[in-house]
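Source file: protein.pdb. Holds: PDB, C-alpha atoms.
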```pdb
ATOM      1  CA  CYS A  51      10.214  -1.596  42.491
ATOM      2  CA  ILE A  52      10.835   1.993  43.575
ATOM      3  CA  ILE A  53       8.165   3.205  41.156
ATOM      4  CA  GLU A  54       5.651   0.668  42.465
ATOM      5  CA  TRP A  55       6.498   1.612  46.052
ATOM      6  CA  GLN A  56       5.942   5.306  45.259
ATOM      7  CA  LYS A  57       2.601   4.459  43.618
ATOM      8  CA  ASN A  58       1.519   2.505  46.689
ATOM      9  CA  ILE A  59       2.507   5.374  48.992
ATOM     10  CA  ALA A  60       0.589   7.849  46.834
ATOM     11  CA  ALA A  61      -2.454   5.577  46.797
ATOM     12  CA  ARG A  62      -2.395   5.189  50.585
ATOM     13  CA  ARG A  63      -2.123   8.953  51.015
ATOM     14  CA  LYS A  64      -5.063   9.463  48.676
ATOM     15  CA  ARG A  65      -7.173   6.977  50.619
ATOM     16  CA  ARG A  66      -6.164   8.598  53.918
ATOM     17  CA  ARG A  67      -7.139  12.057  52.640
ATOM     18  CA  ALA A  68     -10.483  10.722  51.409
ATOM     19  CA  LYS A  69     -11.238   9.127  54.791
ATOM     20  CA  GLU A  70     -10.282  12.319  56.615
ATOM     21  CA  ARG A  71     -12.501  14.341  54.306
ATOM     22  CA  GLU A  72     -15.383  11.929  54.944
ATOM     23  CA  ARG A  73     -14.776  12.009  58.710
ATOM     24  CA  LYS A  74     -14.824  15.813  58.792
ATOM     25  CA  PHE A  75     -18.022  15.898  56.771
ATOM     26  CA  CYS A  76     -19.713  13.469  59.156
ATOM     27  CA  LEU A  77     -18.600  15.470  62.184
ATOM     28  CA  MET A  78     -19.910  18.711  60.677
ATOM     29  CA  SER A  79     -23.275  17.240  59.729
ATOM     30  CA  SER A  80     -23.671  14.987  62.761
ATOM     31  CA  CYS A  81     -24.388  12.231  60.296
ATOM     32  CA  PRO A  82     -25.855   8.945  61.535
ATOM     33  CA  SER A  83     -23.805   5.810  61.901
ATOM     34  CA  ASP A  84     -25.286   4.485  58.648
ATOM     35  CA  GLN A  85     -23.902   7.422  56.626
ATOM     36  CA  PRO A  86     -22.573   5.697  53.498
ATOM     37  CA  GLY A  87     -18.860   5.478  52.886
ATOM     38  CA  ARG A  88     -17.444   6.766  49.620
ATOM     39  CA  ASN A  89     -17.631   3.362  47.985
ATOM     40  CA  ASP A  90     -20.938   2.309  49.544
ATOM     41  CA  PRO A  91     -24.227   2.482  47.628
ATOM     42  CA  CYS A  92     -25.690   5.983  47.676
ATOM     43  CA  TRP A  93     -28.580   6.694  50.035
ATOM     44  CA  CYS A  94     -30.779   7.794  47.113
ATOM     45  CA  GLY A  95     -31.230   4.242  45.835
ATOM     46  CA  SER A  96     -29.582   4.840  42.468
ATOM     47  CA  GLY A  97     -27.261   1.859  42.929
ATOM     48  CA  LYS A  98     -24.240   4.066  42.270
ATOM     49  CA  LYS A  99     -21.360   4.495  44.673
ATOM     50  CA  TYR A 100     -21.880   7.404  47.070
ATOM     51  CA  LYS A 101     -18.767   9.197  45.797
ATOM     52  CA  LYS A 102     -20.107   9.022  42.228
ATOM     53  CA  CYS A 103     -23.611  10.121  43.178
ATOM     54  CA  HIS A 104     -24.495  12.383  46.115
ATOM     55  CA  LEU A 105     -21.270  12.937  48.057
ATOM     56  CA  SER A 106     -20.485  16.340  46.539
ATOM     57  CA  PHE A 107     -24.210  17.180  46.702
ATOM     58  CA  ASP A 108     -24.260  16.462  50.459
ATOM     59  CA  GLU A 109     -21.109  18.491  50.974
ATOM     60  CA  ARG A 110     -22.714  21.474  49.271
ATOM     61  CA  LEU A 111     -25.826  21.085  51.427
ATOM     62  CA  GLU A 112     -23.653  20.997  54.523
ATOM     63  CA  GLU A 113     -21.857  24.187  53.503
ATOM     64  CA  LEU A 114     -25.229  25.898  53.097
ATOM     65  CA  ARG A 115     -26.462  24.562  56.437
ATOM     66  CA  LEU A 116     -23.368  25.853  58.226
ATOM     67  CA  ALA A 117     -23.977  29.222  56.576
ATOM     68  CA  GLY A 118     -27.392  29.328  58.252
ATOM     69  CA  ARG A 119     -29.541  28.253  55.320
ATOM     70  CA  GLN A 120     -32.475  25.862  55.593
ATOM     71  CA  VAL A 121     -31.635  22.732  53.609
ATOM     72  CA  PRO A 122     -33.930  19.818  52.698
ATOM     73  CA  PRO A 123     -33.540  16.413  54.351
ATOM     74  CA  HIS A 124     -32.789  13.415  52.153
ATOM     75  CA  SER A 125     -36.417  12.274  52.548
ATOM     76  CA  LEU A 126     -37.585  15.135  50.283
ATOM     77  CA  ILE A 127     -35.219  14.247  47.439
ATOM     78  CA  LYS A 128     -36.614  11.871  44.842
ATOM     79  CA  ASN A 129     -34.538   9.517  42.710
ATOM     80  CA  THR A 130     -35.197   8.709  39.053
ATOM     81  CA  GLY A 131     -37.545   5.859  39.963
ATOM     82  CA  ASP A 132     -39.564   8.134  42.246
ATOM     83  CA  LEU A 133     -39.810  10.795  39.546
ATOM     84  CA  ALA A 134     -41.017   8.229  37.011
ATOM     85  CA  GLY A 135     -43.699   7.093  39.460
ATOM     86  CA  ILE A 136     -44.831  10.670  40.115
ATOM     87  CA  ARG A 137     -45.009  11.378  36.367
ATOM     88  CA  ALA A 138     -47.128   8.261  35.791
ATOM     89  CA  SER A 139     -49.509   9.407  38.521
ATOM     90  CA  ALA A 140     -49.511  12.924  37.030
ATOM     91  CA  ARG A 141     -50.593  11.611  33.620
ATOM     92  CA  ILE A 142     -53.716  10.103  35.166
ATOM     93  CA  ASN A 143     -54.298  13.243  37.218
ATOM     94  CA  ALA A 144     -54.057  15.395  34.088
ATOM     95  CA  GLY A 145     -56.400  13.032  32.267
ATOM     96  CA  ALA A 146     -59.023  13.473  34.985
ATOM     97  CA  LEU A 147     -58.750  17.257  34.668
ATOM     98  CA  ASP A 148     -58.996  16.973  30.866
ATOM     99  CA  LEU A 149     -62.239  15.026  31.317
ATOM    100  CA  VAL A 150     -63.605  17.693  33.650
ATOM    101  CA  ALA A 151     -62.680  20.357  31.072
ATOM    102  CA  ARG A 152     -64.799  18.592  28.442
ATOM    103  CA  HIS A 153     -67.882  18.464  30.657
ATOM    104  CA  ILE A 154     -67.797  21.618  32.790
ATOM    105  CA  ALA A 155     -70.548  24.006  31.655
ATOM    106  CA  PRO A 156     -73.569  25.962  32.860
ATOM    107  CA  GLY A 157     -76.137  23.619  34.413
ATOM    108  CA  VAL A 158     -73.628  20.957  35.458
ATOM    109  CA  THR A 159     -73.317  20.274  39.183
ATOM    110  CA  THR A 160     -70.024  20.061  41.022
ATOM    111  CA  GLY A 161     -71.144  16.655  42.276
ATOM    112  CA  GLU A 162     -71.341  15.363  38.692
ATOM    113  CA  LEU A 163     -67.822  16.595  37.969
ATOM    114  CA  ASP A 164     -66.529  14.883  41.101
ATOM    115  CA  ARG A 165     -67.979  11.545  40.002
ATOM    116  CA  LEU A 166     -66.555  11.909  36.494
ATOM    117  CA  ALA A 167     -63.053  12.589  37.814
ATOM    118  CA  CYS A 168     -63.159   9.834  40.437
ATOM    119  CA  THR A 169     -64.411   7.236  37.948
ATOM    120  CA  TYR A 170     -61.644   8.177  35.514
ATOM    121  CA  ILE A 171     -58.995   7.868  38.227
ATOM    122  CA  THR A 172     -60.203   4.499  39.528
ATOM    123  CA  ASP A 173     -60.659   3.144  35.983
ATOM    124  CA  HIS A 174     -56.930   3.800  35.546
ATOM    125  CA  HIS A 175     -56.116   1.749  38.664
ATOM    126  CA  ALA A 176     -55.343   4.802  40.766
ATOM    127  CA  VAL A 177     -56.895   6.402  43.849
ATOM    128  CA  PRO A 178     -58.408   9.891  44.368
ATOM    129  CA  ALA A 179     -56.193  11.175  47.176
ATOM    130  CA  CYS A 180     -58.677  13.702  48.565
ATOM    131  CA  LEU A 181     -61.367  11.105  49.322
ATOM    132  CA  ASN A 182     -61.551  10.693  53.123
ATOM    133  CA  TYR A 183     -58.342  12.693  53.582
ATOM    134  CA  ASN A 184     -58.782  14.220  57.042
ATOM    135  CA  GLY A 185     -62.493  13.523  56.671
ATOM    136  CA  PHE A 186     -62.894  15.215  53.253
ATOM    137  CA  PRO A 187     -66.003  13.554  51.785
ATOM    138  CA  LYS A 188     -65.311  13.830  48.035
ATOM    139  CA  GLY A 189     -62.604  12.806  45.570
ATOM    140  CA  ILE A 190     -61.652  16.245  44.214
ATOM    141  CA  CYS A 191     -61.979  19.862  45.375
ATOM    142  CA  ILE A 192     -64.152  22.297  43.427
ATOM    143  CA  SER A 193     -64.149  25.946  44.497
ATOM    144  CA  VAL A 194     -66.562  28.431  42.949
ATOM    145  CA  ASN A 195     -66.113  32.216  42.730
ATOM    146  CA  ASN A 196     -65.053  33.584  46.129
ATOM    147  CA  GLU A 197     -64.116  30.193  47.598
ATOM    148  CA  VAL A 198     -60.317  30.171  47.899
ATOM    149  CA  CYS A 199     -59.829  26.408  47.695
ATOM    150  CA  HIS A 200     -60.909  22.985  48.997
ATOM    151  CA  GLY A 201     -64.565  23.473  48.055
ATOM    152  CA  ILE A 202     -66.662  20.323  48.543
ATOM    153  CA  PRO A 203     -68.499  19.082  45.428
ATOM    154  CA  ASP A 204     -72.259  18.795  45.818
ATOM    155  CA  ASP A 205     -75.185  17.784  43.620
ATOM    156  CA  GLY A 206     -76.969  20.886  44.814
ATOM    157  CA  ARG A 207     -74.278  23.222  43.511
ATOM    158  CA  VAL A 208     -75.216  24.014  39.922
ATOM    159  CA  LEU A 209     -72.685  25.976  37.885
ATOM    160  CA  GLN A 210     -73.964  29.176  36.329
ATOM    161  CA  GLU A 211     -72.943  31.338  33.388
ATOM    162  CA  GLY A 212     -70.300  33.770  34.662
ATOM    163  CA  ASP A 213     -68.885  31.540  37.411
ATOM    164  CA  ILE A 214     -65.134  31.066  37.758
ATOM    165  CA  VAL A 215     -64.297  27.610  39.066
ATOM    166  CA  ASN A 216     -61.128  25.984  40.378
ATOM    167  CA  VAL A 217     -60.882  22.198  40.164
ATOM    168  CA  ASP A 218     -58.132  20.697  42.328
ATOM    169  CA  CYS A 219     -57.267  17.043  41.793
ATOM    170  CA  THR A 220     -54.743  14.752  43.492
ATOM    171  CA  THR A 221     -54.079  11.175  42.379
ATOM    172  CA  ILE A 222     -52.224   8.260  43.963
ATOM    173  CA  LEU A 223     -50.705   5.588  41.729
ATOM    174  CA  GLY A 224     -48.386   2.942  43.129
ATOM    175  CA  GLY A 225     -47.809   5.012  46.252
ATOM    176  CA  TYR A 226     -46.901   8.164  44.307
ATOM    177  CA  PHE A 227     -48.931  11.386  44.530
ATOM    178  CA  ALA A 228     -49.576  13.940  41.771
ATOM    179  CA  ASP A 229     -51.378  17.209  42.493
ATOM    180  CA  ALA A 230     -52.673  19.879  40.093
ATOM    181  CA  SER A 231     -55.558  22.288  39.665
ATOM    182  CA  ARG A 232     -57.129  24.200  36.794
ATOM    183  CA  MET A 233     -59.255  27.319  36.593
ATOM    184  CA  PHE A 234     -62.347  27.406  34.374
ATOM    185  CA  CYS A 235     -64.509  30.297  33.219
ATOM    186  CA  ILE A 236     -68.117  29.176  32.762
ATOM    187  CA  GLY A 237     -69.465  30.795  29.605
ATOM    188  CA  ARG A 238     -68.996  34.563  29.464
ATOM    189  CA  VAL A 239     -67.606  35.997  32.680
ATOM    190  CA  SER A 240     -67.293  39.582  33.873
ATOM    191  CA  GLN A 241     -64.240  41.642  32.969
ATOM    192  CA  GLN A 242     -63.339  41.736  36.670
ATOM    193  CA  ALA A 243     -63.470  37.939  36.957
ATOM    194  CA  GLN A 244     -61.501  37.424  33.730
ATOM    195  CA  GLN A 245     -58.780  39.803  34.884
ATOM    196  CA  LEU A 246     -58.469  37.974  38.204
ATOM    197  CA  VAL A 247     -58.065  34.650  36.393
ATOM    198  CA  ASP A 248     -55.557  36.072  33.898
ATOM    199  CA  VAL A 249     -53.386  37.759  36.541
ATOM    200  CA  THR A 250     -53.429  34.652  38.726
ATOM    201  CA  LEU A 251     -52.263  32.546  35.785
ATOM    202  CA  GLU A 252     -49.439  35.006  35.111
ATOM    203  CA  CYS A 253     -48.453  34.919  38.793
ATOM    204  CA  MET A 254     -48.226  31.139  38.638
ATOM    205  CA  ARG A 255     -46.153  31.259  35.456
ATOM    206  CA  LEU A 256     -43.684  33.693  37.012
ATOM    207  CA  GLY A 257     -43.514  31.636  40.200
ATOM    208  CA  ILE A 258     -42.613  28.517  38.226
ATOM    209  CA  GLU A 259     -40.028  30.457  36.225
ATOM    210  CA  ALA A 260     -38.386  31.526  39.509
ATOM    211  CA  ILE A 261     -37.630  27.900  40.426
ATOM    212  CA  ARG A 262     -33.997  26.957  39.867
ATOM    213  CA  PRO A 263     -31.516  24.535  41.445
ATOM    214  CA  TRP A 264     -29.942  26.003  44.602
ATOM    215  CA  GLY A 265     -32.422  28.872  44.689
ATOM    216  CA  THR A 266     -34.937  29.179  47.539
ATOM    217  CA  VAL A 267     -38.633  28.698  48.137
ATOM    218  CA  GLY A 268     -38.856  32.425  48.857
ATOM    219  CA  ASP A 269     -37.871  33.216  45.260
ATOM    220  CA  ILE A 270     -41.176  31.680  44.135
ATOM    221  CA  GLY A 271     -43.265  33.750  46.517
ATOM    222  CA  GLU A 272     -41.484  36.978  45.686
ATOM    223  CA  ALA A 273     -42.151  36.567  41.961
ATOM    224  CA  ILE A 274     -45.824  35.778  42.577
ATOM    225  CA  ASN A 275     -46.411  38.549  45.111
ATOM    226  CA  ARG A 276     -44.704  41.205  42.975
ATOM    227  CA  CYS A 277     -46.884  40.388  39.976
ATOM    228  CA  ALA A 278     -50.085  40.315  42.055
ATOM    229  CA  ARG A 279     -49.409  43.671  43.710
ATOM    230  CA  GLU A 280     -48.432  45.309  40.433
ATOM    231  CA  HIS A 281     -51.966  44.532  39.261
ATOM    232  CA  GLY A 282     -53.632  45.693  42.474
ATOM    233  CA  TYR A 283     -54.194  42.291  44.056
ATOM    234  CA  SER A 284     -53.112  40.730  47.346
ATOM    235  CA  VAL A 285     -52.012  37.137  47.901
ATOM    236  CA  VAL A 286     -53.568  34.573  50.250
ATOM    237  CA  THR A 287     -50.899  33.660  52.795
ATOM    238  CA  ALA A 288     -52.757  31.168  55.012
ATOM    239  CA  LEU A 289     -52.569  28.646  52.170
ATOM    240  CA  GLY A 290     -49.906  27.952  49.563
ATOM    241  CA  GLY A 291     -47.988  25.370  47.621
ATOM    242  CA  HIS A 292     -46.188  22.404  49.097
ATOM    243  CA  GLY A 293     -43.924  19.476  48.458
ATOM    244  CA  VAL A 294     -45.550  16.390  46.966
ATOM    245  CA  GLY A 295     -44.655  12.961  45.626
ATOM    246  CA  LYS A 296     -44.621  10.404  48.424
ATOM    247  CA  ALA A 297     -47.410  12.037  50.446
ATOM    248  CA  VAL A 298     -50.266  14.384  49.629
ATOM    249  CA  HIS A 299     -48.562  17.216  51.556
ATOM    250  CA  GLU A 300     -44.803  17.348  52.118
ATOM    251  CA  GLU A 301     -42.380  20.053  53.101
ATOM    252  CA  PRO A 302     -41.602  22.723  52.133
ATOM    253  CA  PHE A 303     -44.606  25.014  52.467
ATOM    254  CA  VAL A 304     -44.541  27.389  49.496
ATOM    255  CA  ASN A 305     -45.573  30.815  50.759
ATOM    256  CA  HIS A 306     -46.809  32.736  47.734
ATOM    257  CA  ALA A 307     -45.890  36.083  49.290
ATOM    258  CA  ALA A 308     -42.444  35.255  50.682
ATOM    259  CA  LYS A 309     -39.242  37.253  50.345
ATOM    260  CA  GLY A 310     -36.675  36.138  47.794
ATOM    261  CA  GLY A 311     -33.609  34.364  49.143
ATOM    262  CA  THR A 312     -35.478  33.015  52.170
ATOM    263  CA  GLY A 313     -36.869  29.633  53.116
ATOM    264  CA  MET A 314     -35.680  26.174  52.186
ATOM    265  CA  VAL A 315     -33.026  25.762  49.507
ATOM    266  CA  LEU A 316     -34.367  24.109  46.349
ATOM    267  CA  VAL A 317     -32.238  21.226  45.089
ATOM    268  CA  PRO A 318     -32.465  18.711  42.245
ATOM    269  CA  GLY A 319     -34.860  15.891  43.108
ATOM    270  CA  MET A 320     -37.416  17.990  44.987
ATOM    271  CA  VAL A 321     -41.015  18.068  43.725
ATOM    272  CA  LEU A 322     -43.501  20.760  44.729
ATOM    273  CA  THR A 323     -46.683  22.580  43.741
ATOM    274  CA  VAL A 324     -47.032  26.294  42.996
TER     275      VAL A 324
END
```

Can the structure from this file be put into structure tokens for me?
Amino acid sequence: CIIEWQKNIAARRKRRRAKERERKFCLMSSCPSDQPGRNDPCWCGSGKKYKKCHLSFDERLEELRLAGRQVPPHSLIKNTGDLAGIRASARINAGALDLVARHIAPGVTTGELDRLACTYITDHHAVPACLNYNGFPKGICISVNNEVCHGIPDDGRVLQEGDIVNVDCTTILGGYFADASRMFCIGRVSQQAQQLVDVTLECMRLGIEAIRPWGTVGDIGEAINRCAREHGYSVVTALGGHGVGKAVHEEPFVNHAAKGGTGMVLVPGMVLTV
């Protein structure tokens, strides 16, 4: 009986400490009244208990927030179901870009490439996200030579030998968005154009390599900007990467010339473009 009584006392103390810990966390984070309890289902939709899923994650975010860091809201964090949906959308998006790669050549118009990509996307029961987005009249973006991005495909724009062309494609499948672009060299291009393409690809690779859990968005930009400047280039700062997954553009904005250690903290479950 004494042993059982001691066990009950210990259990009550443990529960009291857990509630106090939860109360302090809620006070620090000004959490809403629907903040899950330790044994409630987690906010992420995993079906797991909060204490077994994102409780320690939220506590770490709160520590970072109190230290003055910019932390992501729960709305930017995808669960396993979300990630599966984004990957399914991305497979169709990549397929559309693969189709463009097989047909892009001198003499082809950007309008033709737009129709090829859009037909592929719709044939796979998905939607070209760019079409009518903020009035954009085509399904994909095609930018030629000195156009930075968001070029509008046109039947009057005929690709020529020596052009460098960026094709940017975004697909919606089941409410999930996937976004990617590829750079193409049309036939033989100048040494200057080839170097620009090669350095840009290396910048992107280094930017992706800089992504790590609990790092920052600024780490990406610093890696990209350092590589660009080492090769004598500058980086466009008016445009950049962004979050994606449940909308065509989500936070955070990915400044490709940012300072390392700055900007939003990157956490597991975030999806973004570089």

Can you spell out as a ChimeraX atom specification the set of residues that the PyMOL selection byres ((chain A and resi 267-275) around 8) selects in the structure I just provided?
/A:253-254,256-258,260-261,265-266,276-279,284-285,302,304-316

Select, from A:Leu209, A:Val321, A:Cys235, A:Cys199, the residue with the minimum atom-to-atom distance to Leu289 in chain A, counting all atoms listed in the file.
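For Leu289 in chain A, the nearest of the candidates is A:Cys199.
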
Test item: the PyMOL selection byres ((chain A and resi 104) around 12) resolved as an MDAnalysis selection string:
chainID A and resid 85:103 105:111 124 127 129 317:319

For the selection you just gave me, I'd like the residues written to a file as a PDB file, in the coordinates of the input, keeping C-alpha atoms.
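Below is the file that was written, selection-v6.pdb:
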```
ATOM      1  CA  GLN A  85     -23.902   7.422  56.626  1.00  0.00           C
ATOM      2  CA  PRO A  86     -22.573   5.697  53.498  1.00  0.00           C
ATOM      3  CA  GLY A  87     -18.860   5.478  52.886  1.00  0.00           C
ATOM      4  CA  ARG A  88     -17.444   6.766  49.620  1.00  0.00           C
ATOM      5  CA  ASN A  89     -17.631   3.362  47.985  1.00  0.00           C
ATOM      6  CA  ASP A  90     -20.938   2.309  49.544  1.00  0.00           C
ATOM      7  CA  PRO A  91     -24.227   2.482  47.628  1.00  0.00           C
ATOM      8  CA  CYS A  92     -25.690   5.983  47.676  1.00  0.00           C
ATOM      9  CA  TRP A  93     -28.580   6.694  50.035  1.00  0.00           C
ATOM     10  CA  CYS A  94     -30.779   7.794  47.113  1.00  0.00           C
ATOM     11  CA  GLY A  95     -31.230   4.242  45.835  1.00  0.00           C
ATOM     12  CA  SER A  96     -29.582   4.840  42.468  1.00  0.00           C
ATOM     13  CA  GLY A  97     -27.261   1.859  42.929  1.00  0.00           C
ATOM     14  CA  LYS A  98     -24.240   4.066  42.270  1.00  0.00           C
ATOM     15  CA  LYS A  99     -21.360   4.495  44.673  1.00  0.00           C
ATOM     16  CA  TYR A 100     -21.880   7.404  47.070  1.00  0.00           C
ATOM     17  CA  LYS A 101     -18.767   9.197  45.797  1.00  0.00           C
ATOM     18  CA  LYS A 102     -20.107   9.022  42.228  1.00  0.00           C
ATOM     19  CA  CYS A 103     -23.611  10.121  43.178  1.00  0.00           C
ATOM     20  CA  LEU A 105     -21.270  12.937  48.057  1.00  0.00           C
ATOM     21  CA  SER A 106     -20.485  16.340  46.539  1.00  0.00           C
ATOM     22  CA  PHE A 107     -24.210  17.180  46.702  1.00  0.00           C
ATOM     23  CA  ASP A 108     -24.260  16.462  50.459  1.00  0.00           C
ATOM     24  CA  GLU A 109     -21.109  18.491  50.974  1.00  0.00           C
ATOM     25  CA  ARG A 110     -22.714  21.474  49.271  1.00  0.00           C
ATOM     26  CA  LEU A 111     -25.826  21.085  51.427  1.00  0.00           C
ATOM     27  CA  HIS A 124     -32.789  13.415  52.153  1.00  0.00           C
ATOM     28  CA  ILE A 127     -35.219  14.247  47.439  1.00  0.00           C
ATOM     29  CA  ASN A 129     -34.538   9.517  42.710  1.00  0.00           C
ATOM     30  CA  VAL A 317     -32.238  21.226  45.089  1.00  0.00           C
ATOM     31  CA  PRO A 318     -32.465  18.711  42.245  1.00  0.00           C
ATOM     32  CA  GLY A 319     -34.860  15.891  43.108  1.00  0.00           C
TER      33      GLY A 319
END
```

Pick the closest to Asn195 in chain A from A:Asp132, A:Asp164, A:Glu280, A:Asp213: which is it, counting all atoms listed in the file?
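Distance minimum relative to Asn195 in chain A lands on A:Asp213.
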
Determine the nearest neighbour of Arg238 in chain A from the options A:Leu251, A:Ile214, A:Leu163, A:Ala117, counting all atoms listed in the file.
A:Ile214
